[in-house]
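Have a look at the structure below, then the notes.
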Amino acid sequence: MTTQSDFGCRTWNLDCMVEGSRSLQEILDGRLRLVNYLGMDMAGMAPDVRTFPLPDGRGGEGVTIMQPFVERLICQPLTTSFMIFDVWPEHFTITIKSCMRFSADAVCIEISRVFGRIIDCHNWTLGPVARAGETDNDKKK
């Protein structure tokens with residue numbers, strides 16, 4: 001991963017559904033591997049772990065874990081990159097939103113290595129769209 005001049009101008013997004021369920025500890029260990037694989041750092045930020053159902057019975061059955069992370073080389077006051085795990089009894093989903101470019105195909109391979117078979121996966125980039133023949137540098141002018 002390299003530092004980008006358009007850092008923060010776009011987000012790279014990935015949503016994967018993985019077969020089966022995992023324990024909270026397996027998810028927490030895998031989360032660390034994925035953050036490192038992305039070339040990012042948790043910067044001492046603990047994950048936000050929520051267990052469901054809520055005391056009043058709402059929310060289904062499972063666990064949601066949200067982990068913010070930052071690019072290793074840039075100090076930034078706001079954390080706009082994160083990873084969310086939604087763990088259900090039969091499957092779980094992983095959502096990654098990063099302000100630093102990553103290869104969705106490569107990350108999916110790593111997710112498969114860490115957690116097992118991916119059932120479904122989608123990725124997209126959010127930010128300024130280049131017109132035909134336009135480069136990132138053209139848009140900055």
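Residues in the structure tokens are numbered from 1 in each chain, the chains being A, B, ... in the order shown, and ligands are numbered from 1 in the order shown.
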
Can you tell me which residues surround range 26-38 of chain A at a distance of at most 9 Å, considering only C-alpha atoms, apart from same-chain residues fewer than 3 positions away, and format the answer as a list in words?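 Once the adjacent positions are removed, what remains is Met1, Arg22, Ser23, Asp41, Met42, Pro47, Ile65, Gln67, Phe69, Glu71, Met83, Phe85, Val87, Met100, Phe102, Val107, Glu110, Ile111, Val114 and Phe115 of chain A.
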
So that I have them on file, write out the residues from the current selection with N, CA, C and O atoms, as a PDB file, in the first residue's frame.
```
ATOM      1  N   MET A   1       0.835  -1.171   0.000  1.00  0.00           N
ATOM      2  CA  MET A   1       0.000   0.000   0.000  1.00  0.00           C
ATOM      3  C   MET A   1       0.890   1.248   0.000  1.00  0.00           C
ATOM      4  O   MET A   1       1.891   1.286   0.690  1.00  0.00           O
ATOM      5  N   ARG A  22     -18.446 -17.719  13.576  1.00  0.00           N
ATOM      6  CA  ARG A  22     -17.164 -17.772  14.277  1.00  0.00           C
ATOM      7  C   ARG A  22     -17.371 -17.256  15.696  1.00  0.00           C
ATOM      8  O   ARG A  22     -18.279 -16.482  15.968  1.00  0.00           O
ATOM      9  N   SER A  23     -16.477 -17.655  16.583  1.00  0.00           N
ATOM     10  CA  SER A  23     -16.536 -17.143  17.945  1.00  0.00           C
ATOM     11  C   SER A  23     -16.076 -15.687  17.951  1.00  0.00           C
ATOM     12  O   SER A  23     -15.413 -15.220  17.010  1.00  0.00           O
ATOM     13  N   ASP A  41      -3.682   0.599  10.642  1.00  0.00           N
ATOM     14  CA  ASP A  41      -3.326   0.479  12.047  1.00  0.00           C
ATOM     15  C   ASP A  41      -4.554   0.846  12.884  1.00  0.00           C
ATOM     16  O   ASP A  41      -5.268   1.793  12.549  1.00  0.00           O
ATOM     17  N   MET A  42      -4.787   0.129  13.967  1.00  0.00           N
ATOM     18  CA  MET A  42      -5.914   0.445  14.842  1.00  0.00           C
ATOM     19  C   MET A  42      -5.601   1.602  15.784  1.00  0.00           C
ATOM     20  O   MET A  42      -6.497   2.123  16.446  1.00  0.00           O
ATOM     21  N   PRO A  47     -12.165  -2.180  19.579  1.00  0.00           N
ATOM     22  CA  PRO A  47     -13.395  -2.383  18.811  1.00  0.00           C
ATOM     23  C   PRO A  47     -14.622  -2.108  19.681  1.00  0.00           C
ATOM     24  O   PRO A  47     -14.583  -2.248  20.905  1.00  0.00           O
ATOM     25  N   ILE A  65     -19.399  -6.095  15.572  1.00  0.00           N
ATOM     26  CA  ILE A  65     -18.108  -5.556  15.991  1.00  0.00           C
ATOM     27  C   ILE A  65     -17.711  -4.478  15.005  1.00  0.00           C
ATOM     28  O   ILE A  65     -17.639  -4.731  13.796  1.00  0.00           O
ATOM     29  N   GLN A  67     -14.643  -1.824  14.092  1.00  0.00           N
ATOM     30  CA  GLN A  67     -13.251  -1.490  14.365  1.00  0.00           C
ATOM     31  C   GLN A  67     -12.815  -0.336  13.480  1.00  0.00           C
ATOM     32  O   GLN A  67     -12.684  -0.492  12.266  1.00  0.00           O
ATOM     33  N   PHE A  69      -9.956   2.191  11.943  1.00  0.00           N
ATOM     34  CA  PHE A  69      -8.515   2.100  11.712  1.00  0.00           C
ATOM     35  C   PHE A  69      -8.055   3.294  10.904  1.00  0.00           C
ATOM     36  O   PHE A  69      -8.864   4.012  10.324  1.00  0.00           O
ATOM     37  N   GLU A  71      -4.613   4.977   8.382  1.00  0.00           N
ATOM     38  CA  GLU A  71      -3.448   4.709   7.552  1.00  0.00           C
ATOM     39  C   GLU A  71      -2.206   4.850   8.421  1.00  0.00           C
ATOM     40  O   GLU A  71      -2.120   5.759   9.244  1.00  0.00           O
ATOM     41  N   MET A  83     -14.012  -1.241   9.788  1.00  0.00           N
ATOM     42  CA  MET A  83     -14.381  -2.598   9.438  1.00  0.00           C
ATOM     43  C   MET A  83     -15.503  -3.005  10.382  1.00  0.00           C
ATOM     44  O   MET A  83     -15.421  -2.741  11.584  1.00  0.00           O
ATOM     45  N   PHE A  85     -18.063  -6.281  11.463  1.00  0.00           N
ATOM     46  CA  PHE A  85     -18.437  -7.689  11.385  1.00  0.00           C
ATOM     47  C   PHE A  85     -19.829  -7.823  11.985  1.00  0.00           C
ATOM     48  O   PHE A  85     -20.058  -7.386  13.114  1.00  0.00           O
ATOM     49  N   VAL A  87     -22.157 -10.851  12.970  1.00  0.00           N
ATOM     50  CA  VAL A  87     -22.069 -12.303  13.136  1.00  0.00           C
ATOM     51  C   VAL A  87     -23.455 -12.848  13.503  1.00  0.00           C
ATOM     52  O   VAL A  87     -24.034 -12.467  14.511  1.00  0.00           O
ATOM     53  N   MET A 100      -8.140   4.673   1.977  1.00  0.00           N
ATOM     54  CA  MET A 100      -6.940   4.293   1.237  1.00  0.00           C
ATOM     55  C   MET A 100      -7.297   3.160   0.275  1.00  0.00           C
ATOM     56  O   MET A 100      -7.984   2.205   0.658  1.00  0.00           O
ATOM     57  N   PHE A 102      -7.480  -0.096  -1.897  1.00  0.00           N
ATOM     58  CA  PHE A 102      -7.075  -1.488  -1.707  1.00  0.00           C
ATOM     59  C   PHE A 102      -7.658  -2.326  -2.833  1.00  0.00           C
ATOM     60  O   PHE A 102      -8.622  -1.936  -3.479  1.00  0.00           O
ATOM     61  N   VAL A 107      -8.071  -8.672  -1.057  1.00  0.00           N
ATOM     62  CA  VAL A 107      -8.642  -8.717   0.294  1.00  0.00           C
ATOM     63  C   VAL A 107      -9.601  -9.903   0.418  1.00  0.00           C
ATOM     64  O   VAL A 107      -9.626 -10.577   1.448  1.00  0.00           O
ATOM     65  N   GLU A 110      -7.629 -12.937   1.101  1.00  0.00           N
ATOM     66  CA  GLU A 110      -7.190 -12.954   2.496  1.00  0.00           C
ATOM     67  C   GLU A 110      -8.347 -13.300   3.437  1.00  0.00           C
ATOM     68  O   GLU A 110      -8.174 -14.069   4.388  1.00  0.00           O
ATOM     69  N   ILE A 111      -9.529 -12.757   3.177  1.00  0.00           N
ATOM     70  CA  ILE A 111     -10.708 -13.097   3.988  1.00  0.00           C
ATOM     71  C   ILE A 111     -10.967 -14.606   3.925  1.00  0.00           C
ATOM     72  O   ILE A 111     -11.239 -15.239   4.945  1.00  0.00           O
ATOM     73  N   VAL A 114      -8.443 -16.397   6.093  1.00  0.00           N
ATOM     74  CA  VAL A 114      -8.645 -16.173   7.521  1.00  0.00           C
ATOM     75  C   VAL A 114      -9.934 -16.824   8.019  1.00  0.00           C
ATOM     76  O   VAL A 114      -9.952 -17.446   9.081  1.00  0.00           O
ATOM     77  N   PHE A 115     -11.028 -16.694   7.247  1.00  0.00           N
ATOM     78  CA  PHE A 115     -12.352 -17.063   7.755  1.00  0.00           C
ATOM     79  C   PHE A 115     -13.051 -18.187   7.005  1.00  0.00           C
ATOM     80  O   PHE A 115     -14.026 -18.738   7.505  1.00  0.00           O
TER      81      PHE A 115
END
```

Using only C-alpha atoms, which residues sit within 6 Å of Ile96 in chain A once same-chain residues fewer than 5 positions away are excluded, as a VMD selection string? chain A and resid 13 to 14 82 to 83

Could the residues in this selection be written to a file with C-alpha atoms, as a PDB file, in the first residue's frame?
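What ended up in again39.pdb:
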```pdb
ATOM      1  CA  ASN A  13     -15.680  -0.305  -0.020  1.00  0.00           C
ATOM      2  CA  LEU A  14     -16.101  -4.055   0.269  1.00  0.00           C
ATOM      3  CA  PHE A  82     -13.535   1.080   9.509  1.00  0.00           C
ATOM      4  CA  MET A  83     -14.381  -2.598   9.438  1.00  0.00           C
TER       5      MET A  83
END
```

All residues 9 Å or closer to Ala104 in chain A, only C-alpha atoms, same chain fewer than 4 positions away omitted, as a list in words: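 Once the nearby chain positions are removed, what remains is Trp12, Asn13, Leu14, Cys108, Ile109, His122, Asn123 and Trp124 of chain A.
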
Pick the closest to Val49 in chain A from A:Glu61, A:Ile118, A:Thr93, A:Ile84: which is it, counting only C-alpha atoms?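 Smallest separation from Val49 in chain A among the options: A:Ile84.
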
I'd like the interatomic distance between CA of Asp120 in chain A and CA of Cys99 in chain A, to a tenth of an Å. 22.8 Å

Could you state the separation of CA of Glu19 in chain A and CA of Ile94 in chain A in Å, given to one decimal place?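 Straight-line distance from CA of Glu19 in chain A to CA of Ile94 in chain A works out to 11.4 Å.
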
By how many Å are CA of Ala106 in chain A and CA of Ser81 in chain A apart?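 Between CA of Ala106 in chain A and CA of Ser81 in chain A the gap works out to 18.0 Å.
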
Pick out each residue of range 40-115 of chain A that DSSP on the backbone tags as strand (DSSP E or B); I need them as a VMD selection string. chain A and resid 40 to 41 48 to 52 62 to 71 81 to 87 91 to 98

Could you write those residues out with C-alpha atoms, as a CSV table (one decimal), in the first residue's frame?
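Done, and the output landed in selection31.csv:
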```csv
chain,number,residue,atom,x,y,z
A,40,MET,CA,-3.6,0.1,8.3
A,41,ASP,CA,-3.3,0.5,12.0
A,48,ASP,CA,-17.0,-1.5,19.7
A,49,VAL,CA,-18.6,-4.9,20.4
A,50,ARG,CA,-22.4,-5.2,20.6
A,51,THR,CA,-24.3,-8.4,21.5
A,52,PHE,CA,-27.8,-9.1,20.5
A,62,GLY,CA,-25.6,-12.3,17.1
A,63,VAL,CA,-22.8,-9.9,17.6
A,64,THR,CA,-21.7,-6.7,15.8
A,65,ILE,CA,-18.1,-5.6,16.0
A,66,MET,CA,-17.0,-2.2,14.6
A,67,GLN,CA,-13.3,-1.5,14.4
A,68,PRO,CA,-12.0,1.9,13.3
A,69,PHE,CA,-8.5,2.1,11.7
A,70,VAL,CA,-6.2,4.7,10.2
A,71,GLU,CA,-3.4,4.7,7.6
A,81,SER,CA,-11.9,4.0,7.7
A,82,PHE,CA,-13.5,1.1,9.5
A,83,MET,CA,-14.4,-2.6,9.4
A,84,ILE,CA,-17.7,-4.0,10.7
A,85,PHE,CA,-18.4,-7.7,11.4
A,86,ASP,CA,-22.1,-8.8,11.8
A,87,VAL,CA,-22.1,-12.3,13.1
A,91,HIS,CA,-23.1,-16.8,8.5
A,92,PHE,CA,-21.4,-13.4,9.1
A,93,THR,CA,-20.7,-10.3,7.0
A,94,ILE,CA,-17.6,-8.2,6.8
A,95,THR,CA,-17.9,-4.5,5.7
A,96,ILE,CA,-14.7,-2.6,5.0
A,97,LYS,CA,-14.7,1.1,4.2
A,98,SER,CA,-11.3,2.7,3.7
```

Once DSSP has gone over the backbone, tell me which residues of range 28-120 of chain A are in alpha helix (DSSP H), as a VMD selection string. chain A and resid 28 to 37 104 to 115

Find the residue from A:Gly60, A:Leu54, A:Gln25, A:Thr125 that sits nearest to Arg101 in chain A; use only C-alpha atoms when measuring. A:Thr125
